[in-house]
Each structure stands twice: as structure tokens, then as C-alpha cells.
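Asks: What follows is a structure written as C-alpha cells; I'll ask about it next.
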Amino acid sequence: MKITESEVRDVADLANLKLTDAEIARLQKDLDEILTHMDALNEMDTSTVEPMAQVLYQSEETATLRADEIIPPIGNAAALANAPLAGAGYYKVPKVIER
Amino acid sequence: MIPKERGDPQRPMNGIDSLTIEQVQAGLAARQFSARELVESALKFAQAENPKTNAYLHFCPERALAAAERVDRKLAAGENAGALAGVPLAVKDVIVTQGVRTTCGSRLLEHYIPPYDATAVARLEQAGAVLLGKTNCDEFAMGSSNENSAFGPVRNPVALDRVPGGSSGGSAAAVAQGTAVAAIGSDTGGSVRQPASFCGVVGVTPTYGRVSRYGLVAFASSLDHIGPFGRTVRDAALLLETMAGRDECDATSAFAPVPRYTAQLDGEVAGTRIGLPREYFEGLASESGDRIHQAIEMLKKLGCDVRYISLPATKYAVPCYYIIATAEASSNLARYDGVRYTTRANEGTLSGMYRATRGEGFGAECKRRIMLGTYVLSHGYYDAYYLKAQKVRALIAEDFRRAFSEVDAIVAPVSPSPAFKIGEKMDDPLEMYLSDIYTITGDLAGIPCMSVPCGKTSEGLPVGMQILTRHFDETGMFRLADAFEKAGGFTGSN
């Protein structure tokens with residue numbers, strides 16, 4: 001067993017996912033199978049290998065600085081247009097701090 | 001192509017389902033049809049045919065007709081209307097379009113209307129392309145069959161009981177069905193090439209960074225690419241040269257100059273050194289294998305120098321990919337928290353709202369990948385999984401670097417089998433992941449790769465041949481694919 005039910009619940013907690021008991025059971029089975037398959041990586045000796053975080057390629061120019069020109073932003077109204085709940089120019093969420 | 005009877009917008013033009021970009025340009029230049037007539041006809045045809053496949057999620061006729069009229073005005077004024085003037089285009093619904101709903105195949109974004117256009121879309125439209133609508137896909141581009149869409153699966157137009165592949169299944173299906181002349185999709189682990197091979201069209205994953213991802217909804221940022229679909233190699237190359245190149249809005253987009261690929265498709269490929277990776281031909285489903293081997297014989301006849309090579313890290317590509325891709329996905333999908341993007345579950349507390357919104361909004365595959373990605377990044381497992389996978393990724397990239405010191409191109413299958421039946425693999429996520437074996441290596445290494453049709457099985461299912469080349473050598477890839485296409489006559493969906 002690579003992953004227990006309580007570990008699945010902990011990971012769901014970290015990922016901010018509310019899951020049903022049926023989903024937890026199914027995920028435990030799936031993740032167990034997938035993680036077991038992933039153990040194959042341990043066959044490979046990587047003791048002298050640098051981790052690759054980004055595809056590397058030869059590029060002539062790497063300077064990513066651009067001229068400091070003002071570009072108009074999309075604006076408050078457009079930015080909030082997809083908000084489920086907005087008010088006074090802000091996103092609104094359930095109260096976080098009790099008075 | 002036969003022009004339709006003029007002035008009857010109720011009847012689609014004959015042959016609208018098999019037009020190439022070249023034919024569209026020729027028809028417009030010869031005044032056989034106006035861009036408006038073409039686009040009206042294309043929209044009518046696409047809307048009528050779409051229920052068969054569910055390839056499009058929504059159409060945008062107003063935007064399409066306005067774009068067509070711009071093309072007609074330019075043509076009437078004798079101006080250059082662009083290399084893609086009037087070309088009916090489909091765009092995968094993970095690529096944002098200003099004012100046109102972009103759902104990513106997810107309930108969470110069912111009502112999301114982006115406030116800006118992706119750079120790739122803007123560049124294609126500037127060249128005259130006409131956006132007909134947005135295409136179905138696996139939710140947040142996670143899947144290999146298009147069955148993970150919240151808005152129903154796409155059916156393969158070649159065989160309606162089969163999947164079109166995924167995750168860009170709708171874009172591939174639209175081009176194969178004839179409801180778009182060309183399309184764009186995204187590829188993170190094969191999501192352009194695999195559906196292209198399943199539907200019998202050309203699909204291209206360019207070099208990492210070649211096309212700006214500004215406006216591509218992020219799945220796995222070190223692996224995501226935008227790539228084109230076309231009926232011919234030339235069409236796909238034209239789309240790529242139009243949208244490629246540095247974009248200030250995407251810091252990861254490459255500065256490398258973009259050649260005119262289409263000016264170099266002269267059919268001369270004699271002497272090209274081609275490597276066949278042994279690891280890709282072991283355990284290849286027999287009929288797909290037969291088609292690929294026939295294709296290789298054809299490449300030999302064209303004068304290519306074909307030899308076997310070895311890419312020894314191949315067998316570790318699937319676990320490596322599914323660690324890196326899910327880790328990045330778990331971070332990228334954190335933004336869907338009920339605060340900014342249209343959908344929110346009503347819960348009294350902030351954390352309860354986050355959890356319920358995500359629990360109710362994401363489909364099963366997204367949850368599986370978020371969970372896997374969170375697990376491999378979590379304390380105590382980071383070194384064993386994520387760091388290990390990053391090291392294995394370096395070895396996979398090194399395999400290719402070594403191979404390309406001996407050969408100019410690598411030829412391989414795209415998928416172990418042709419399109420499978422809808423529902424066949426849905427209960428076995430690991431088996432579904434394993435079917436990505438031949439396509440994920442190209443994404444991990446960031447090299448250009450594409451699928452070009454190379455025939456059909458006895459059941460009539462398309463098979464695709466994959467061509468991979470060095471970083472930024474899309475030119476060599478297109479030249480080989482184009483020469484092969486002309487020699488083989490496999491072009492088109494019919």
C-alpha cells in the first residue's frame with residue numbers, strides 16, 4: 001500500500017478539495033496504482049544528474065527587459081466582470097475576521 | 001472545389017468540408033466567393049454537422065462575420081488581406097478569446113468571458129483568419145480521449161463510436177469533419193499530435209517557447225505549447241509561421257527568428273538522416289506498426305538514410321511526465337478558488353467556500369491530477385518523486401541531444417493503437433496514461449514534433465506518423481512531412 005485513506009484525506013486538505021467518501025476510496029485505489037507504477041523511476045541512477053526545471057535551448061538573445069512604456073491596464077470593471085461576487089471595486093469573499 | 005450557386009446563403013458551398021487554406025486564397029483571389037459567403041456557408045455547415053461529433057462547444061457568428069467583412073473590404077480596396085484571409089478557424093476552448101466564452105471544458109468556467117485575446121488568436125486574426133467558434137476538450141486539457149469534458153465527449157468523425165483523442169479532440173475533429181479549415185489546440189503531453197493521428201489530420205507541437213502562451217489557460221507551464229491542426233502539412237506550417245515568435249506578454253516565448261516554413265517545402269529530402277528509436281517500436285499494436293513501417297519504406301524511397309537509434313530513458317517517460325505535469329497542474333489550478341472566476345459554492349467560511357467550489361467544480365480527472373500533484377510536492381515526498389522526475393527529465397532530454405548528433409530527424413509512432421472506443425479506458429486511468437508513451441517525450445525535451453497521416457487500419461481508422469527534430473528546427477520537420485505527404489497521398493480526412 002503506497003498511500004492510506006488518511007493520507008488521501010490529508011492531501012485533499014492541502015489541495016483545498018472537498019471530496020465525498022466514495023471519491024476518497026476511488027482516489028486511494030487510483031493513486032496507489034499510479035504511485036506504484038512511478039516507483040520504476042527508482043531503477044534509474046540519477047546521483048550525478050542535475051534536475052531539469054526548464055527546457056534548455058540555445059537562444060541568441062536572452063535579455064527579457066523591455067522599454068518602460070506605460071500600457072493601459074484592462075481596468076477595474078473588466079477585471080471584475082467575471083467575479084462571482086464583487087463590490088466597491090473589489091472581489092467579495094465570506095468574512096474572514098470576526099469582530 | 002466547385003463554387004456554390006452565388007447568392008444563396010442557405011446552401012453550403014460544395015466541398016466546404018475539404019478546403020485547404022491555399023484553396024480559400026485561390027477562391028477569394030478569383031472572386032469565386034467572398035469571405036462573407038465563405039464564412040456564412042462554413043458556419044451553417046458547422047452548426048448543422050456539429051451534433052454528430054460535439055466538436056464545437058460554442059460558435060461566435062458575430063465575430064466571424066465581422067472578420068469576414070474586414071477581409072472583403074480589404075480585398076475590395078486592393079489591399080493585402082493576409083495569408084489566412086477568410087480561413088474558417090476553430091480554437092480550443094482553453095485559449096482565451098475576448099468576449100467569447102472560454103470554458104476549458106470545465107463546469108467551473110462555464111460562464112467565463114475573457115477580457116482579452118490570446119496572442120496566438122490575435123496574430124491569426126490579424127492575418128485574416130476567421131474564428132468560427134471554440135472547440136471541446138478534456139477539462140483543463142487533462143486527458144487523452146476528450147471524455148473528460150464537462151460538456152460531453154467528442155465523437156471521432158471517422159468512426160462515431162470512437163474517441164477523437166485528447167485533449168484537443170474537438171479541434172482535431174473539426175478539421176477532420178470539415179467544420180473548420182484549420183484549428184489550434186494545446187499540447188502538454190501529446191494533446192495535439194495524438195488527436196491529429198486519431199482523426200487523420202496534421203497536428204504540430206512546435207519547440208517549447210516558439211508560440212506565445214499568453215492567453216493559454218495554464219496546465220503544466222514547463223510543458224504547455226500551442227500548436228496548429230491542418231488538412232495538409234503546408235496549412236499547419238502556415239498557421240505556425242503566422243502565430244510564432246517573441247511576444248512581450250509571455251516571458252517564456254523565444255526570441256529566435258521565425259523562418260517562412262512554407263517557402264521551403266520543396267520536396268527535396270534525399271540524404272536526410274532519420275533515426276528510428278528501437279524503444280518506440282517494441283510492443284507496437286500490429287496494424288499501426290505496419291502502417292508506420294510502410295511509411296518508413298516510403299521515406300527510404302525518397303532517399304532518406306534510415307537507421308535504428310536508442311533512446312534508453314523512454315521507459316521512464318510516463319512516470320516522469322505524470323509527476324511533473326500533475327505537480328505543475330496542482331499549482332496552476334489553485335487559482336480556481338471561487339473568488340475570481342464566475343463559479344462559487346455558497347459556504348459560510350472562506351476555506352469552506354474554497355473547498356466546496358473546487359470539490360463541486362472539478363471533474364474526476366482534474367481532481368485525480370490535483371491530488372497526485374499535491375502529493376508528489378508534499379513534505380517528505382518531494383525528493384522521492386518531484387526532484388527525481390526532474391532528474392529523469394534531464395536524462396530524457398539528453399537522449400534526444402545525443403540522438404540528434406547522429407540523425408537529423410526521428411520518426412516514430414504517435415500512439416500505440418488507433419482511436420479506441422468511447423468508454424473503453426475510462427475506468428483505468430493508468431492505462432490511459434500509458435497510451436501517451438510516444439508523445440510525452442517530445443514535450444519533456446521541448447523539441448518540435450508533429451503527427452502526419454500515414455494511412456489507415458483495415459477498419460478504416462487513421463494512423464499518424466510522428467516526426468521529431470532538433471530545437472527550433474521546425475523547418476526540417478515540415479520539409480520531411482511535406483515530402484512524405486506528397487509521396488504518400490494521405491492528405492485530408494477522406
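Within each chain, counting starts at residue 1; across the C-alpha cells, chains are named A, B, ... in the order shown, with ligands numbered 1 upward in that order.
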Would you mind writing down, as number ranges by chain, each residue of region 201-335 of chain B that DSSP on the backbone assigns to helix (DSSP H, G or I)?
Replies: B: 233-243, 261-264, 278-281, 286-301, 312-335
Asks: Please dump the current selection as a PDB file, in the first residue's frame; keep C-alpha atoms.
Replies:
ATOM      1  CA  VAL B 233       1.390  19.985 -43.807  1.00  0.00           C
ATOM      2  CA  ARG B 234       1.527  23.282 -45.658  1.00  0.00           C
ATOM      3  CA  ASP B 235      -1.597  24.580 -43.899  1.00  0.00           C
ATOM      4  CA  ALA B 236      -0.211  23.666 -40.480  1.00  0.00           C
ATOM      5  CA  ALA B 237       3.143  25.270 -41.332  1.00  0.00           C
ATOM      6  CA  LEU B 238       1.401  28.452 -42.460  1.00  0.00           C
ATOM      7  CA  LEU B 239      -0.546  28.664 -39.205  1.00  0.00           C
ATOM      8  CA  LEU B 240       2.608  28.140 -37.173  1.00  0.00           C
ATOM      9  CA  GLU B 241       4.682  30.753 -39.026  1.00  0.00           C
ATOM     10  CA  THR B 242       1.827  33.218 -38.546  1.00  0.00           C
ATOM     11  CA  MET B 243       1.472  32.812 -34.775  1.00  0.00           C
ATOM     12  CA  TYR B 261       8.435  27.362 -43.389  1.00  0.00           C
ATOM     13  CA  THR B 262       6.041  27.355 -46.343  1.00  0.00           C
ATOM     14  CA  ALA B 263       8.705  28.797 -48.666  1.00  0.00           C
ATOM     15  CA  GLN B 264      10.936  25.803 -48.040  1.00  0.00           C
ATOM     16  CA  ARG B 278      14.065   0.992 -31.019  1.00  0.00           C
ATOM     17  CA  GLU B 279      12.191   1.589 -27.768  1.00  0.00           C
ATOM     18  CA  TYR B 280       9.221   3.059 -29.697  1.00  0.00           C
ATOM     19  CA  PHE B 281       8.758   0.038 -31.909  1.00  0.00           C
ATOM     20  CA  SER B 286       0.416  -4.606 -35.114  1.00  0.00           C
ATOM     21  CA  GLU B 287      -1.646  -2.648 -37.616  1.00  0.00           C
ATOM     22  CA  SER B 288      -0.423   0.767 -36.521  1.00  0.00           C
ATOM     23  CA  GLY B 289       3.084  -0.677 -36.643  1.00  0.00           C
ATOM     24  CA  ASP B 290       2.533  -1.962 -40.190  1.00  0.00           C
ATOM     25  CA  ARG B 291       1.461   1.489 -41.385  1.00  0.00           C
ATOM     26  CA  ILE B 292       4.490   3.128 -39.771  1.00  0.00           C
ATOM     27  CA  HIS B 293       6.845   0.571 -41.312  1.00  0.00           C
ATOM     28  CA  GLN B 294       5.283   1.174 -44.733  1.00  0.00           C
ATOM     29  CA  ALA B 295       5.773   4.890 -44.190  1.00  0.00           C
ATOM     30  CA  ILE B 296       9.429   4.282 -43.344  1.00  0.00           C
ATOM     31  CA  GLU B 297       9.859   2.355 -46.611  1.00  0.00           C
ATOM     32  CA  MET B 298       8.454   5.379 -48.403  1.00  0.00           C
ATOM     33  CA  LEU B 299      10.959   7.659 -46.670  1.00  0.00           C
ATOM     34  CA  LYS B 300      13.737   5.339 -47.863  1.00  0.00           C
ATOM     35  CA  LYS B 301      12.423   5.628 -51.423  1.00  0.00           C
ATOM     36  CA  PRO B 312      17.151   4.374 -23.403  1.00  0.00           C
ATOM     37  CA  ALA B 313      15.284   6.589 -20.900  1.00  0.00           C
ATOM     38  CA  THR B 314      11.996   6.181 -22.828  1.00  0.00           C
ATOM     39  CA  LYS B 315      10.545   3.611 -20.429  1.00  0.00           C
ATOM     40  CA  TYR B 316      10.699   6.171 -17.608  1.00  0.00           C
ATOM     41  CA  ALA B 317       8.910   8.893 -19.538  1.00  0.00           C
ATOM     42  CA  VAL B 318       5.369   8.124 -18.368  1.00  0.00           C
ATOM     43  CA  PRO B 319       6.071   8.237 -14.612  1.00  0.00           C
ATOM     44  CA  CYS B 320       8.389  11.231 -15.112  1.00  0.00           C
ATOM     45  CA  TYR B 321       5.748  13.129 -17.053  1.00  0.00           C
ATOM     46  CA  TYR B 322       2.857  12.352 -14.729  1.00  0.00           C
ATOM     47  CA  ILE B 323       4.839  13.593 -11.734  1.00  0.00           C
ATOM     48  CA  ILE B 324       5.968  16.863 -13.328  1.00  0.00           C
ATOM     49  CA  ALA B 325       2.720  17.611 -15.142  1.00  0.00           C
ATOM     50  CA  THR B 326       0.499  16.935 -12.123  1.00  0.00           C
ATOM     51  CA  ALA B 327       2.782  18.881  -9.763  1.00  0.00           C
ATOM     52  CA  GLU B 328       2.592  21.924 -12.023  1.00  0.00           C
ATOM     53  CA  ALA B 329      -1.141  21.419 -12.539  1.00  0.00           C
ATOM     54  CA  SER B 330      -1.835  21.324  -8.819  1.00  0.00           C
ATOM     55  CA  SER B 331      -0.208  24.759  -8.545  1.00  0.00           C
ATOM     56  CA  ASN B 332      -1.781  26.242 -11.669  1.00  0.00           C
ATOM     57  CA  LEU B 333      -5.270  25.074 -10.760  1.00  0.00           C
ATOM     58  CA  ALA B 334      -5.043  26.612  -7.295  1.00  0.00           C
ATOM     59  CA  ARG B 335      -6.422  29.826  -8.796  1.00  0.00           C
TER      60      ARG B 335
END
Asks: Find the residues around Leu35 (chain A) up to 9 Å (only C-alpha atoms counted), leave out those fewer than 6 positions away in its own chain, and share them as a list of chain:residue names.
Replies: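 Surrounding residues, per the criterion: A:Lys2, A:Ile3, B:Pro319, B:Leu372.
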Asks: Once you count only C-alpha atoms, which residues of chain A turn out to be within 7 Å of chain B? Could you give them as a VMD selection string?
Replies: chain A and resid 11 to 12 15 to 19 27 31 34 37 to 38 40 to 41 46 49 to 55 57 59 to 61 64 78 82 to 84 91 93 to 96
Asks: So, counting only C-alpha atoms, which residue among B:Leu377, B:Ile437, B:Val181, B:Val158 is closest to Lys456 (chain B)?
Replies: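 Nearest to Lys456 (chain B): B:Val158.
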Asks: Quick one: everything within 10 Å of region 35-51 of chain B, counting only C-alpha atoms, minus sequence neighbours fewer than 5 positions away in the same chain. Send it as a PyMOL selection string.
Replies: chain B and resi 3-4+6-14+16-17+24-25+27-28+56-61+64-73+75+85-89+128+130-133+154-155+157+173-174+177-181
